[in-house]
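So this one's run18.txt, compact mmCIF, C-alpha atoms and all ligand atoms:
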```txt
# COMPACT_ATOMS: atom_id res chain seq x y z
CA MET A 1 72.88 37.40 19.33
CA THR A 2 71.79 39.22 16.23
CA PRO A 3 68.39 40.82 16.37
CA PRO A 4 65.72 39.14 14.27
CA LYS A 5 65.56 40.58 10.80
CA LYS A 6 62.68 42.93 10.27
CA LYS A 7 60.38 42.11 7.44
CA ARG A 8 60.97 44.70 4.76
CA LYS A 9 57.86 46.56 3.77
CA LYS A 10 57.25 46.93 0.11
CA PRO A 11 57.35 50.54 -1.14
CA SER A 12 53.70 51.33 -1.36
CA LYS A 13 53.58 53.24 -4.64
CA GLU A 14 55.18 50.62 -6.83
CA PRO A 15 52.97 47.99 -8.40
CA ASP A 16 53.64 44.43 -7.28
CA ASP A 17 54.22 43.29 -10.83
CA TYR A 18 57.09 45.75 -11.22
CA TRP A 19 59.52 43.31 -12.81
CA LYS A 20 56.86 41.82 -15.03
CA ILE A 21 55.93 45.23 -16.43
CA LYS A 22 59.57 46.15 -16.77
CA LYS A 23 60.28 42.97 -18.75
CA GLU A 24 57.33 43.57 -21.06
CA LEU A 25 58.45 47.13 -21.72
CA LYS A 26 61.97 45.97 -22.39
CA GLU A 27 60.79 43.44 -24.92
CA LYS A 28 58.85 46.17 -26.68
CA GLY A 29 61.86 48.47 -26.47
CA ILE A 30 59.94 51.14 -24.57
CA LYS A 31 61.10 53.20 -21.62
CA LEU A 32 58.63 55.15 -19.54
CA TYR A 33 59.36 58.19 -17.43
CA ASN A 34 57.78 60.07 -14.58
CA GLN A 35 57.73 63.85 -14.62
CA ILE A 36 57.88 65.10 -11.09
CA PHE A 37 56.65 68.65 -10.89
CA PHE A 38 57.12 70.93 -7.91
CA ARG A 39 54.47 73.55 -8.33
CA ASP A 40 55.52 75.84 -5.49
CA TRP A 41 58.82 76.70 -7.13
CA CYS A 42 57.49 77.04 -10.69
CA LYS A 43 57.26 80.61 -11.97
CA ALA A 44 55.29 79.84 -15.14
CA CYS A 45 58.05 80.89 -17.51
CA GLY A 46 56.84 78.44 -20.14
CA ILE A 47 60.24 77.05 -21.15
CA CYS A 48 59.36 73.42 -20.41
CA ILE A 49 56.04 73.70 -22.21
CA ALA A 50 57.50 75.34 -25.31
CA PHE A 51 60.53 73.12 -25.83
CA CYS A 52 59.36 69.64 -24.86
CA PRO A 53 59.80 67.68 -28.10
CA LYS A 54 56.81 65.48 -27.30
CA ASN A 55 54.42 68.13 -25.98
CA VAL A 56 54.04 66.31 -22.71
CA PHE A 57 52.88 69.47 -20.97
CA ASN A 58 49.86 71.64 -21.37
CA ARG A 59 49.51 75.10 -19.88
CA ASP A 60 47.14 75.76 -17.00
CA LYS A 61 45.38 79.03 -16.18
CA GLU A 62 48.42 80.39 -14.39
CA GLY A 63 50.77 79.37 -17.17
CA LYS A 64 52.27 76.50 -15.24
CA PRO A 65 52.70 73.10 -16.85
CA VAL A 66 50.13 70.35 -16.52
CA ILE A 67 51.48 66.89 -17.21
CA GLU A 68 49.12 65.74 -19.88
CA LYS A 69 50.88 62.97 -21.77
CA PRO A 70 53.30 61.40 -19.29
CA ASP A 71 53.74 58.26 -21.37
CA ASP A 72 54.91 60.20 -24.43
CA CYS A 73 58.00 61.45 -22.60
CA ILE A 74 61.26 60.20 -24.13
CA GLY A 75 63.39 61.13 -21.14
CA CYS A 76 65.47 63.73 -22.97
CA HIS A 77 65.70 65.75 -19.73
CA PHE A 78 65.42 69.04 -21.61
CA CYS A 79 62.79 70.33 -19.20
CA GLU A 80 64.80 69.29 -16.16
CA LEU A 81 68.04 70.87 -17.43
CA HIS A 82 66.37 74.10 -18.54
CA CYS A 83 63.90 74.79 -15.78
CA PRO A 84 65.51 77.81 -14.12
CA ASP A 85 63.68 77.04 -10.89
CA PHE A 86 64.44 73.35 -10.36
CA ALA A 87 60.74 72.60 -10.52
CA ILE A 88 60.85 69.53 -12.80
CA THR A 89 62.61 66.22 -12.42
CA ILE A 90 62.50 63.31 -14.83
CA GLN A 91 62.88 59.78 -13.54
CA GLU A 92 62.65 56.45 -15.25
CA ARG A 93 59.43 54.80 -14.15
CA TYR A 94 60.89 51.32 -13.98
CA PRO A 95 64.59 51.75 -13.28
CA ASP A 96 66.94 48.76 -13.11
CA ARG A 97 67.44 49.28 -9.44
CA ARG A 98 64.36 49.96 -7.41
CA ARG A 99 64.55 53.23 -5.66
CA LYS A 100 64.37 53.45 -1.92
CA LYS A 101 61.35 55.14 -0.50
CA ASN A 102 63.03 58.45 0.27
CA GLY A 103 63.90 58.93 -3.37
CA LYS A 104 67.67 58.48 -2.96
CA MET B 1 61.72 70.86 -0.90
CA PRO B 2 60.07 68.64 -3.45
CA ASN B 3 60.03 65.12 -2.15
CA ASN B 4 60.68 62.12 -4.32
CA ALA B 5 62.58 64.30 -6.81
CA THR B 6 66.18 63.82 -7.82
CA ARG B 7 68.13 65.10 -4.91
CA LEU B 8 71.01 66.49 -6.92
CA PRO B 9 70.34 70.25 -6.97
CA HIS B 10 68.77 70.03 -3.54
CA ASP B 11 71.89 68.47 -2.08
CA TYR B 12 73.65 71.73 -2.90
CA LEU B 13 71.01 74.40 -2.42
CA ARG B 14 70.67 76.40 0.76
CA HIS B 15 67.06 75.79 1.54
CA ASP B 16 67.07 78.36 4.31
CA LYS B 17 67.33 81.06 1.65
CA LYS B 18 64.06 82.18 0.17
CA PHE B 19 62.85 79.95 -2.66
CA PRO B 20 61.80 80.20 -5.40
CA HIS B 21 64.85 82.32 -5.98
CA VAL B 22 64.81 86.04 -6.65
CA TRP B 23 65.32 85.98 -10.44
CA CYS B 24 62.55 86.79 -12.91
CA PRO B 25 60.56 83.87 -14.34
CA GLY B 26 62.66 82.15 -17.00
CA CYS B 27 65.90 84.01 -16.23
CA GLY B 28 68.96 82.14 -17.47
CA ASN B 29 70.77 82.64 -14.18
CA GLY B 30 68.83 79.69 -12.75
CA ILE B 31 69.91 77.47 -15.63
CA VAL B 32 73.55 78.41 -15.08
CA LEU B 33 73.15 77.61 -11.39
CA GLY B 34 71.86 74.14 -12.32
CA SER B 35 74.78 73.58 -14.69
CA LEU B 36 77.27 74.65 -12.07
CA ILE B 37 75.82 72.23 -9.52
CA ARG B 38 75.87 69.33 -11.96
CA ALA B 39 79.42 70.13 -13.05
CA ILE B 40 80.72 70.21 -9.48
CA ASP B 41 78.87 67.03 -8.64
CA ASN B 42 80.35 65.31 -11.70
CA ILE B 43 83.87 66.22 -10.71
CA GLY B 44 83.13 64.95 -7.22
CA LEU B 45 84.44 67.91 -5.27
CA GLU B 46 83.55 68.35 -1.61
CA LYS B 47 81.51 71.43 -0.80
CA ASP B 48 84.18 72.72 1.54
CA GLU B 49 86.86 72.62 -1.15
CA ILE B 50 85.01 75.24 -3.15
CA VAL B 51 84.90 78.99 -2.74
CA MET B 52 82.57 81.06 -4.85
CA ALA B 53 82.90 84.80 -5.11
CA SER B 54 80.51 87.01 -7.02
CA GLY B 55 80.17 90.68 -7.81
CA ILE B 56 77.00 92.75 -7.88
CA GLY B 57 74.17 92.27 -10.33
CA CYS B 58 71.40 89.74 -10.80
CA SER B 59 74.10 87.16 -11.53
CA GLY B 60 75.82 88.15 -8.30
CA ARG B 61 73.00 86.52 -6.35
CA LEU B 62 74.01 83.08 -7.61
CA PRO B 63 76.44 81.97 -4.88
CA VAL B 64 73.92 82.98 -2.23
CA TYR B 65 71.90 79.89 -3.09
CA VAL B 66 74.60 77.23 -2.94
CA ASP B 67 76.13 75.60 0.06
CA PHE B 68 79.82 76.22 -0.68
CA ASN B 69 82.07 78.78 0.94
CA THR B 70 80.59 81.88 -0.66
CA LEU B 71 81.37 85.53 -0.84
CA HIS B 72 79.16 88.23 -2.31
CA THR B 73 81.60 91.05 -2.98
CA THR B 74 81.49 94.47 -4.62
CA HIS B 75 80.66 95.38 -8.20
CA GLY B 76 83.43 94.38 -10.61
CA ARG B 77 85.70 93.05 -7.88
CA ALA B 78 84.84 89.37 -7.65
CA LEU B 79 88.18 88.45 -9.24
CA THR B 80 90.22 90.53 -6.81
CA PHE B 81 88.65 88.76 -3.84
CA ALA B 82 89.07 85.42 -5.62
CA THR B 83 92.74 86.19 -6.24
CA GLY B 84 93.33 86.91 -2.56
CA ILE B 85 91.61 83.71 -1.48
CA LYS B 86 93.53 81.56 -3.96
CA LEU B 87 96.90 83.04 -2.99
CA ALA B 88 96.16 82.57 0.70
CA LYS B 89 95.02 78.98 0.29
CA PRO B 90 95.94 77.45 -3.08
CA SER B 91 94.34 74.10 -2.25
CA LEU B 92 90.87 75.64 -2.61
CA LYS B 93 88.99 75.65 -5.90
CA VAL B 94 87.99 79.26 -6.40
CA ILE B 95 85.18 80.21 -8.76
CA ALA B 96 84.17 83.78 -9.57
CA VAL B 97 80.69 84.42 -10.96
CA MET B 98 80.12 87.69 -12.75
CA GLY B 99 77.74 89.43 -15.10
CA ASP B 100 78.94 90.92 -18.39
CA GLY B 101 78.81 94.42 -16.95
CA ASP B 102 80.42 93.28 -13.75
CA ALA B 103 83.31 91.47 -15.45
CA THR B 104 83.99 93.64 -18.46
CA ALA B 105 82.76 97.17 -17.73
CA ILE B 106 83.63 98.17 -14.18
CA GLY B 107 85.74 95.03 -13.68
CA GLY B 108 87.34 94.98 -17.12
CA ASN B 109 90.82 95.83 -15.97
CA HIS B 110 90.79 93.16 -13.28
CA PHE B 111 89.51 90.68 -15.81
CA ILE B 112 92.21 91.11 -18.44
CA HIS B 113 94.99 91.12 -15.88
CA ALA B 114 93.65 88.07 -14.09
CA ALA B 115 93.72 86.30 -17.45
CA ARG B 116 97.23 87.51 -18.17
CA ARG B 117 98.46 86.53 -14.69
CA ASN B 118 97.04 83.05 -15.21
CA LEU B 119 96.24 82.30 -11.60
CA ASP B 120 94.32 79.06 -11.20
CA LEU B 121 90.81 80.51 -10.96
CA THR B 122 87.58 79.79 -12.81
CA ALA B 123 85.63 82.80 -14.00
CA ILE B 124 82.04 82.14 -14.99
CA ILE B 125 80.63 85.11 -16.85
CA ILE B 126 76.91 85.19 -17.43
CA ASN B 127 76.57 87.30 -20.54
CA ASN B 128 73.03 88.59 -20.89
CA GLN B 129 74.25 91.51 -23.02
CA ILE B 130 72.88 94.15 -20.65
CA PHE B 131 73.04 95.61 -17.13
CA GLY B 132 70.13 93.58 -15.80
CA MET B 133 69.78 94.59 -12.19
CA THR B 134 70.03 98.34 -12.62
CA GLY B 135 67.43 98.71 -15.33
CA GLY B 136 68.77 97.77 -18.73
CA GLN B 137 71.65 100.16 -19.44
CA TYR B 138 73.82 98.97 -22.33
CA SER B 139 76.96 97.06 -21.41
CA PRO B 140 80.18 96.38 -23.36
CA THR B 141 78.47 93.33 -24.87
CA THR B 142 75.21 94.94 -26.00
CA PRO B 143 75.18 94.48 -29.79
CA TYR B 144 75.40 97.49 -32.10
CA GLY B 145 71.97 98.88 -32.93
CA CYS B 146 70.17 97.16 -30.06
CA LYS B 147 68.06 99.17 -27.68
CA ALA B 148 68.78 99.75 -24.03
CA SER B 149 67.45 102.17 -21.41
CA THR B 150 70.51 104.32 -22.17
CA ALA B 151 70.31 103.72 -25.92
CA LEU B 152 66.73 104.49 -26.80
CA TYR B 153 67.50 104.87 -30.50
CA GLY B 154 69.83 101.91 -30.65
CA ASN B 155 73.34 101.36 -29.37
CA ILE B 156 75.94 103.31 -31.35
CA GLU B 157 78.87 101.51 -29.69
CA HIS B 158 80.17 98.14 -30.77
CA ALA B 159 80.24 95.07 -28.57
CA PHE B 160 83.35 93.04 -27.91
CA SER B 161 83.50 89.32 -27.38
CA ILE B 162 84.40 88.40 -23.81
CA ALA B 163 85.72 84.99 -24.77
CA GLU B 164 88.00 86.29 -27.52
CA LEU B 165 89.22 89.03 -25.19
CA ALA B 166 90.12 86.36 -22.62
CA VAL B 167 92.02 84.33 -25.21
CA THR B 168 94.04 87.38 -26.25
CA ALA B 169 94.72 88.31 -22.63
CA GLY B 170 96.26 84.87 -22.02
CA ALA B 171 93.70 82.75 -20.16
CA SER B 172 94.68 79.11 -20.43
CA TYR B 173 91.15 77.78 -20.86
CA VAL B 174 88.34 79.67 -22.57
CA ALA B 175 84.99 78.21 -23.57
CA ARG B 176 81.54 79.50 -24.39
CA SER B 177 78.08 78.00 -24.31
CA SER B 178 74.56 79.27 -23.79
CA VAL B 179 71.76 78.51 -21.40
CA PHE B 180 69.97 76.77 -24.25
CA HIS B 181 73.00 74.49 -24.63
CA ALA B 182 72.95 73.45 -20.99
CA LYS B 183 74.66 70.09 -21.45
CA LEU B 184 77.63 71.75 -23.12
CA LEU B 185 77.60 74.32 -20.34
CA ASP B 186 77.85 71.53 -17.73
CA LYS B 187 80.80 70.11 -19.60
CA ILE B 188 82.79 73.31 -20.04
CA ILE B 189 82.23 74.41 -16.45
CA ALA B 190 83.60 71.06 -15.26
CA GLN B 191 86.59 71.33 -17.60
CA GLY B 192 87.23 74.92 -16.59
CA ILE B 193 87.34 73.98 -12.92
CA GLN B 194 89.67 71.06 -13.57
CA ARG B 195 92.18 72.85 -15.81
CA ARG B 196 95.11 74.58 -14.18
CA GLY B 197 95.51 78.29 -14.82
CA PHE B 198 92.85 80.91 -15.46
CA SER B 199 89.67 79.48 -16.98
CA VAL B 200 86.94 81.59 -18.50
CA ILE B 201 83.47 80.20 -19.07
CA VAL B 202 81.11 82.48 -20.94
CA ALA B 203 77.45 81.53 -20.56
CA MET B 204 75.32 83.41 -23.08
CA SER B 205 72.09 84.01 -21.22
CA ASN B 206 68.70 85.65 -21.49
CA CYS B 207 67.57 88.79 -19.77
CA HIS B 208 64.26 89.01 -21.55
CA VAL B 209 63.09 91.60 -19.02
CA GLN B 210 65.70 94.33 -19.49
CA TYR B 211 67.20 93.36 -22.84
CA GLY B 212 64.58 91.24 -24.57
CA ARG B 213 61.61 93.50 -24.00
CA ARG B 214 63.36 96.43 -25.65
CA ASN B 215 64.43 94.31 -28.60
CA GLN B 216 61.27 92.41 -29.57
CA MET B 217 62.23 89.37 -27.50
CA GLY B 218 60.16 89.90 -24.39
CA SER B 219 59.77 86.29 -23.31
CA PRO B 220 62.24 83.70 -22.10
CA VAL B 221 61.03 81.28 -24.76
CA ILE B 222 61.76 83.72 -27.60
CA MET B 223 65.17 84.50 -26.16
CA MET B 224 65.98 80.80 -25.79
CA GLU B 225 65.04 80.35 -29.43
CA TRP B 226 67.34 83.24 -30.29
CA LEU B 227 70.19 81.57 -28.41
CA ARG B 228 69.46 78.28 -30.14
CA ASP B 229 69.41 79.85 -33.60
CA HIS B 230 72.45 82.08 -33.20
CA ALA B 231 74.89 79.58 -31.73
CA VAL B 232 77.31 77.80 -34.04
CA ARG B 233 79.45 74.89 -32.86
CA ILE B 234 83.02 76.02 -33.06
CA GLU B 235 84.04 72.86 -34.93
CA LYS B 236 81.62 73.79 -37.71
CA ALA B 237 82.31 77.53 -37.81
CA GLY B 238 85.45 77.10 -39.91
CA ASP B 239 83.47 75.71 -42.84
CA LEU B 240 80.99 78.57 -42.95
CA PRO B 241 81.40 81.75 -44.98
CA ALA B 242 82.00 84.88 -42.89
CA LYS B 243 78.61 86.38 -43.74
CA ASP B 244 76.82 83.42 -42.17
CA LEU B 245 78.67 84.04 -38.93
CA GLN B 246 78.02 87.77 -38.76
CA ASP B 247 75.40 87.95 -36.04
CA LYS B 248 76.20 84.52 -34.61
CA PHE B 249 78.34 83.40 -31.69
CA THR B 250 80.39 80.23 -31.54
CA ILE B 251 80.02 77.69 -28.77
CA GLY B 252 82.66 75.25 -27.65
CA VAL B 253 86.25 75.47 -26.46
CA LEU B 254 88.14 78.50 -27.79
CA ALA B 255 91.43 77.91 -25.99
CA ASP B 256 92.88 75.05 -24.00
CA VAL B 257 96.57 75.55 -23.31
CA ASP B 258 98.42 73.62 -20.66
CA LYS B 259 100.93 75.99 -19.13
CA PRO B 260 102.20 76.55 -15.57
CA ASP B 261 99.92 78.80 -13.59
CA TYR B 262 100.86 81.68 -11.32
CA ILE B 263 101.05 79.59 -8.14
CA GLU B 264 103.44 77.10 -9.77
CA GLU B 265 105.64 79.93 -11.00
CA TYR B 266 105.54 81.54 -7.59
CA GLN B 267 106.52 78.25 -5.96
CA LYS B 268 109.56 78.06 -8.23
CA ILE B 269 110.66 81.52 -7.08
CA ARG B 270 110.27 80.46 -3.46
CA GLU B 271 112.43 77.39 -4.03
CA ARG B 272 115.08 79.48 -5.68
CA ALA B 273 115.04 82.03 -2.89
CA LYS B 274 115.47 79.25 -0.33
CA GLU B 275 118.57 78.01 -2.16
CA GLY B 276 119.94 81.50 -1.53
C1 LIG C 301 80.70 100.54 -7.62
C2 LIG C 301 79.29 100.32 -8.11
N1 LIG C 301 78.90 100.93 -9.24
C3 LIG C 301 77.66 100.72 -9.73
C4 LIG C 301 76.79 99.89 -9.07
C5 LIG C 301 75.38 99.68 -9.61
N2 LIG C 301 75.20 98.40 -10.22
C6 LIG C 301 74.68 97.37 -9.55
S1 LIG C 301 74.48 96.00 -10.49
C7 LIG C 301 75.12 96.80 -11.85
C8 LIG C 301 75.21 96.16 -13.19
C9 LIG C 301 74.81 94.74 -13.27
O1 LIG C 301 74.95 94.29 -14.59
P1 LIG C 301 75.71 92.97 -14.92
O2 LIG C 301 77.02 92.94 -14.25
O3 LIG C 301 75.71 92.78 -16.40
O4 LIG C 301 74.84 91.84 -14.21
P2 LIG C 301 73.34 91.38 -14.44
O5 LIG C 301 72.51 92.17 -13.49
O6 LIG C 301 73.00 91.64 -15.86
O7 LIG C 301 73.37 89.93 -14.09
C10 LIG C 301 75.45 98.12 -11.53
C11 LIG C 301 75.99 99.09 -12.50
C12 LIG C 301 77.25 99.27 -7.89
N3 LIG C 301 76.47 98.42 -7.20
N4 LIG C 301 78.49 99.50 -7.43
S1 LIG C 302 62.17 64.78 -20.55
FE1 LIG C 302 61.99 65.62 -22.61
S2 LIG C 302 60.22 64.54 -23.48
FE2 LIG C 302 60.13 64.24 -21.27
S3 LIG C 302 58.82 65.87 -20.52
FE3 LIG C 302 60.91 66.63 -20.38
S4 LIG C 302 61.28 67.72 -22.30
FE4 LIG C 302 59.44 66.44 -22.60
S1 LIG C 303 60.47 75.62 -16.90
FE1 LIG C 303 60.18 75.38 -14.68
S2 LIG C 303 59.54 77.39 -13.94
FE2 LIG C 303 59.29 77.40 -16.17
S3 LIG C 303 57.14 76.81 -16.47
FE3 LIG C 303 58.36 74.93 -16.57
S4 LIG C 303 58.37 74.14 -14.48
FE4 LIG C 303 57.69 76.26 -14.36
S1 LIG C 304 66.42 91.48 -14.72
FE1 LIG C 304 67.20 90.11 -16.31
S2 LIG C 304 69.08 89.19 -15.46
FE2 LIG C 304 67.91 90.12 -13.76
S3 LIG C 304 66.68 88.43 -12.94
FE3 LIG C 304 65.40 89.51 -14.42
S4 LIG C 304 65.73 88.41 -16.35
FE4 LIG C 304 67.37 87.82 -14.98
```
As structure tokens - that is how I would like this structure written.
Ligand SMILES: Cc1ncc(C[n+]2csc(CCOP(=O)(O)OP(=O)(O)O)c2C)c(N)n1
Ligand code: SF4
Ligand code: SF4
Ligand code: SF4
Amino acid sequence: MTPPKKKRKKPSKEPDDYWKIKKELKEKGIKLYNQIFFRDWCKACGICIAFCPKNVFNRDKEGKPVIEKPDDCIGCHFCELHCPDFAITIQERYPDRRRKKNGK
Amino acid sequence: MPNNATRLPHDYLRHDKKFPHVWCPGCGNGIVLGSLIRAIDNIGLEKDEIVMASGIGCSGRLPVYVDFNTLHTTHGRALTFATGIKLAKPSLKVIAVMGDGDATAIGGNHFIHAARRNLDLTAIIINNQIFGMTGGQYSPTTPYGCKASTALYGNIEHAFSIAELAVTAGASYVARSSVFHAKLLDKIIAQGIQRRGFSVIVAMSNCHVQYGRRNQMGSPVIMMEWLRDHAVRIEKAGDLPAKDLQDKFTIGVLADVDKPDYIEEYQKIRERAKEG
């Protein structure tokens, strides 16, 4: 006998109207991105802040980036590719396939 | 480890080493490390198929952070260890990571003869135009007139181009990029690993601490701008007058020749010897 299927829990962070929002954005031709910043590894070199074409980041007191205009990001990945300390990751906010909870 | 982030670099990093890594804030070595990881992931190689050997210098720390078979060897000798490993087990992909001083000053002789021998190795040379780790002494790639801790009034020697040297010495694949041009760097590292024969990847990089500070480029951002403004795509270089190329460097593939490598030649000799 197969065990009863467990009810899958919805990933908590994602809004319930995920597909609705995604469809609206698609119709408008907009893609949104999340900038995931790992502060502990950042050494405040300023590369991401200086070269972001959309000035998404501002500089805090320590010289580390503050994500100020997340919706302006065009997903060019410059910051991710050029951060020498692997402290920034860019992900599409509404990807075609929903991500599993552990980020994989 | 940052959660919820793309796992890619973290799938390859040795998190039991101390992070953030040892390099100065903004040092190009970290960008090269990222490129290398992406290139290897793109090719789809298993971690165990790869051996990385490095020499001594800031760049020499690079293999310490990645979960391949790694070897931190002596100054200028990364290629000799790499040669031994490749000859002992040709199925392995062997990558040597060196600094400009490491590869072309103390290790210069090994470098040109490795290129001439054309053994199937990949040499990644991080060219920051200075001896970084030991305090900013000028290296064979420090430009004429630039200041170094051993050239307080400006360097009176002339630099040579590592990539062009490799082409002349007979390497079958030679390409150059910079840490500003990270996407191109990903691509040429992947190609270099895949090509048979000796591959040389030159990554122009920034040591704003030992080189930049002495030459009015004391921040990583200024040095990245310098790299951006002084790189010329090799496809476009032919159309430009020589004077426009004077203080520039070309980026792209300088040589890509498909010829039998040392192991293949050696195999042929073995077959012949067996025939008696
Ligand atoms: C046989 C030997 N000679 C000299 C040294 C001192 N030494 C350590 S690192 C280095 C130069 C590093 O410069 P480079 O290879 O350009 O690498 P970078 O630090 O710039 O990445 C030197 C001369 C040494 N460790 N061993
Ligand atoms: S991906 Fe590009 S636009 Fe978005 S934050 Fe990074 S550098 Fe700026
Ligand atoms: S590029 Fe990386 S290390 Fe440098 S300031 Fe940005 S997040 Fe920090
Ligand atoms: S001294 Fe130069 S090469 Fe060494 S870690 Fe610092 S910036 Fe990088």
In terms of the shortest atom-to-atom distance over all atoms listed in the file, which of A:Ala87, A:Ile67, A:Ile21, A:Cys73 is closest to A:Cys45?
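Comparing A:Ala87, A:Ile67, A:Ile21, A:Cys73 against A:Cys45, the winner is A:Ala87.
Here atom CA of B:Gly192 stands at a distance of 14.3 Å from atom CA of B:Gly44.
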Task: Expected answer as a ChimeraX atom specification: residues within 12 Å of ligand LIG 302 (chain C), only C-alpha atoms and all ligand atoms - done: /A:31-37,46-58,65-83,87-93
Which chain B residues have any atom within 7 Å of an atom of ligand LIG 301 (chain C), and for each, what is the nearest pair of atoms with distance in Å to one decimal, counting all atoms listed in the file, rows sorted by chain and number, as JSON lines?
```
{"residue": "B:Ile56", "atom": "CA", "partner": "C:LIG301", "partner_atom": "S1", "distance": 4.9}
{"residue": "B:Gly57", "atom": "CA", "partner": "C:LIG301", "partner_atom": "O5", "distance": 3.6}
{"residue": "B:Cys58", "atom": "CA", "partner": "C:LIG301", "partner_atom": "O5", "distance": 3.8}
{"residue": "B:Ser59", "atom": "CA", "partner": "C:LIG301", "partner_atom": "O7", "distance": 3.8}
{"residue": "B:Gly60", "atom": "CA", "partner": "C:LIG301", "partner_atom": "O7", "distance": 6.5}
{"residue": "B:Thr74", "atom": "CA", "partner": "C:LIG301", "partner_atom": "N4", "distance": 6.5}
{"residue": "B:His75", "atom": "CA", "partner": "C:LIG301", "partner_atom": "N4", "distance": 4.7}
{"residue": "B:Met98", "atom": "CA", "partner": "C:LIG301", "partner_atom": "O2", "distance": 6.3}
{"residue": "B:Gly99", "atom": "CA", "partner": "C:LIG301", "partner_atom": "O2", "distance": 3.7}
{"residue": "B:Asp100", "atom": "CA", "partner": "C:LIG301", "partner_atom": "O3", "distance": 4.2}
{"residue": "B:Gly101", "atom": "CA", "partner": "C:LIG301", "partner_atom": "O3", "distance": 3.5}
{"residue": "B:Asp102", "atom": "CA", "partner": "C:LIG301", "partner_atom": "O2", "distance": 3.5}
{"residue": "B:Ala103", "atom": "CA", "partner": "C:LIG301", "partner_atom": "O2", "distance": 6.6}
{"residue": "B:Ile126", "atom": "CA", "partner": "C:LIG301", "partner_atom": "O7", "distance": 6.8}
{"residue": "B:Asn127", "atom": "CA", "partner": "C:LIG301", "partner_atom": "O3", "distance": 6.9}
{"residue": "B:Asn128", "atom": "CA", "partner": "C:LIG301", "partner_atom": "O6", "distance": 5.9}
{"residue": "B:Gln129", "atom": "CA", "partner": "C:LIG301", "partner_atom": "O3", "distance": 6.9}
{"residue": "B:Ile130", "atom": "CA", "partner": "C:LIG301", "partner_atom": "O3", "distance": 5.3}
{"residue": "B:Phe131", "atom": "CA", "partner": "C:LIG301", "partner_atom": "O1", "distance": 3.4}
{"residue": "B:Gly132", "atom": "CA", "partner": "C:LIG301", "partner_atom": "O6", "distance": 3.5}
{"residue": "B:Met133", "atom": "CA", "partner": "C:LIG301", "partner_atom": "O5", "distance": 3.9}
{"residue": "B:Thr134", "atom": "CA", "partner": "C:LIG301", "partner_atom": "C7", "distance": 5.4}
{"residue": "B:Ser139", "atom": "CA", "partner": "C:LIG301", "partner_atom": "O3", "distance": 6.7}
```
Once you have the residues from the selection above, write them out as a compact mmCIF listing (two decimals), in the frame of the given file, restricted to C-alpha atoms.
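Ended up saving to out_31.txt:
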```txt
# COMPACT_ATOMS: atom_id res chain seq x y z
CA ILE B 56 77.00 92.75 -7.88
CA GLY B 57 74.17 92.27 -10.33
CA CYS B 58 71.40 89.74 -10.80
CA SER B 59 74.10 87.16 -11.53
CA GLY B 60 75.82 88.15 -8.30
CA THR B 74 81.49 94.47 -4.62
CA HIS B 75 80.66 95.38 -8.20
CA MET B 98 80.12 87.69 -12.75
CA GLY B 99 77.74 89.43 -15.10
CA ASP B 100 78.94 90.92 -18.39
CA GLY B 101 78.81 94.42 -16.95
CA ASP B 102 80.42 93.28 -13.75
CA ALA B 103 83.31 91.47 -15.45
CA ILE B 126 76.91 85.19 -17.43
CA ASN B 127 76.57 87.30 -20.54
CA ASN B 128 73.03 88.59 -20.89
CA GLN B 129 74.25 91.51 -23.02
CA ILE B 130 72.88 94.15 -20.65
CA PHE B 131 73.04 95.61 -17.13
CA GLY B 132 70.13 93.58 -15.80
CA MET B 133 69.78 94.59 -12.19
CA THR B 134 70.03 98.34 -12.62
CA SER B 139 76.96 97.06 -21.41
```
For ligand LIG 303 (chain C), the closest of B:Ile106, B:Cys24, B:Ala242, B:Leu185 counting all atoms listed in the file is B:Cys24
Kindly assemble as CSV a list of the chain B residues that lie within 10 Å of ligand LIG 303 (chain C), each paired with its nearest atom pair and their distance in Å to one decimal, using only C-alpha atoms and all ligand atoms, sorted first by chain and then by ascending residue number.
```
residue,atom,partner,partner_atom,distance
B:Pro20,CA,C:LIG303,S2,9.3
B:Cys24,CA,C:LIG303,S2,9.9
B:Pro25,CA,C:LIG303,S2,6.6
B:Gly26,CA,C:LIG303,FE2,5.9
B:Cys27,CA,C:LIG303,FE2,9.3
B:Gly30,CA,C:LIG303,S2,9.6
B:Ile31,CA,C:LIG303,S1,9.7
B:Pro220,CA,C:LIG303,FE2,9.1
B:Val221,CA,C:LIG303,FE2,9.6
```
Report task. Could you jot down the atom CA of B:Asp67 to atom CA of B:Ser177 separation for me, Å, one decimal place? Result ->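 A separation of 24.6 Å between them.
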| said: I'd like the interatomic distance between atom CA of B:Lys147 and atom CA of B:Arg214, to a tenth of an Å. | reply: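 Distance reported for this atom pair: 5.8 Å.
Proximity ranking of B:Glu265, B:Asp258, B:Asp16, B:Asp11 relative to chain A places B:Asp11 first, based on all atoms listed in the file.
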Contact residues around stretch 196-207 of chain B with only C-alpha atoms at 8 Å, ignoring same-chain residues under 4 positions, as a count of residues only:
48
Using all atoms listed in the file, the best pick from B:Ser219, B:Leu45, B:Ile85, B:Lys187 as closest to chain A would be B:Ser219
Using only C-alpha atoms and all ligand atoms, the residue out of A:Glu24, A:Asp40, A:Asp96, A:Asp85 with shortest distance to ligand LIG 304 (chain C) is A:Asp85
**Asked** Which of these residues is nearest to ligand LIG 304 (chain C), using all atoms listed in the file: A:Gly29, A:Pro95, A:Pro84, A:Gly63?
**Response**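 Nearest candidate to ligand LIG 304 (chain C) out of A:Gly29, A:Pro95, A:Pro84, A:Gly63: A:Pro84.
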Excluding B:Tyr65 and any residue of its chain fewer than 3 positions from it, enumerate the residues within 9 Å of it, using only C-alpha atoms, and give them as an MDAnalysis selection string. chainID B and resid 12:18 21 33 61:62
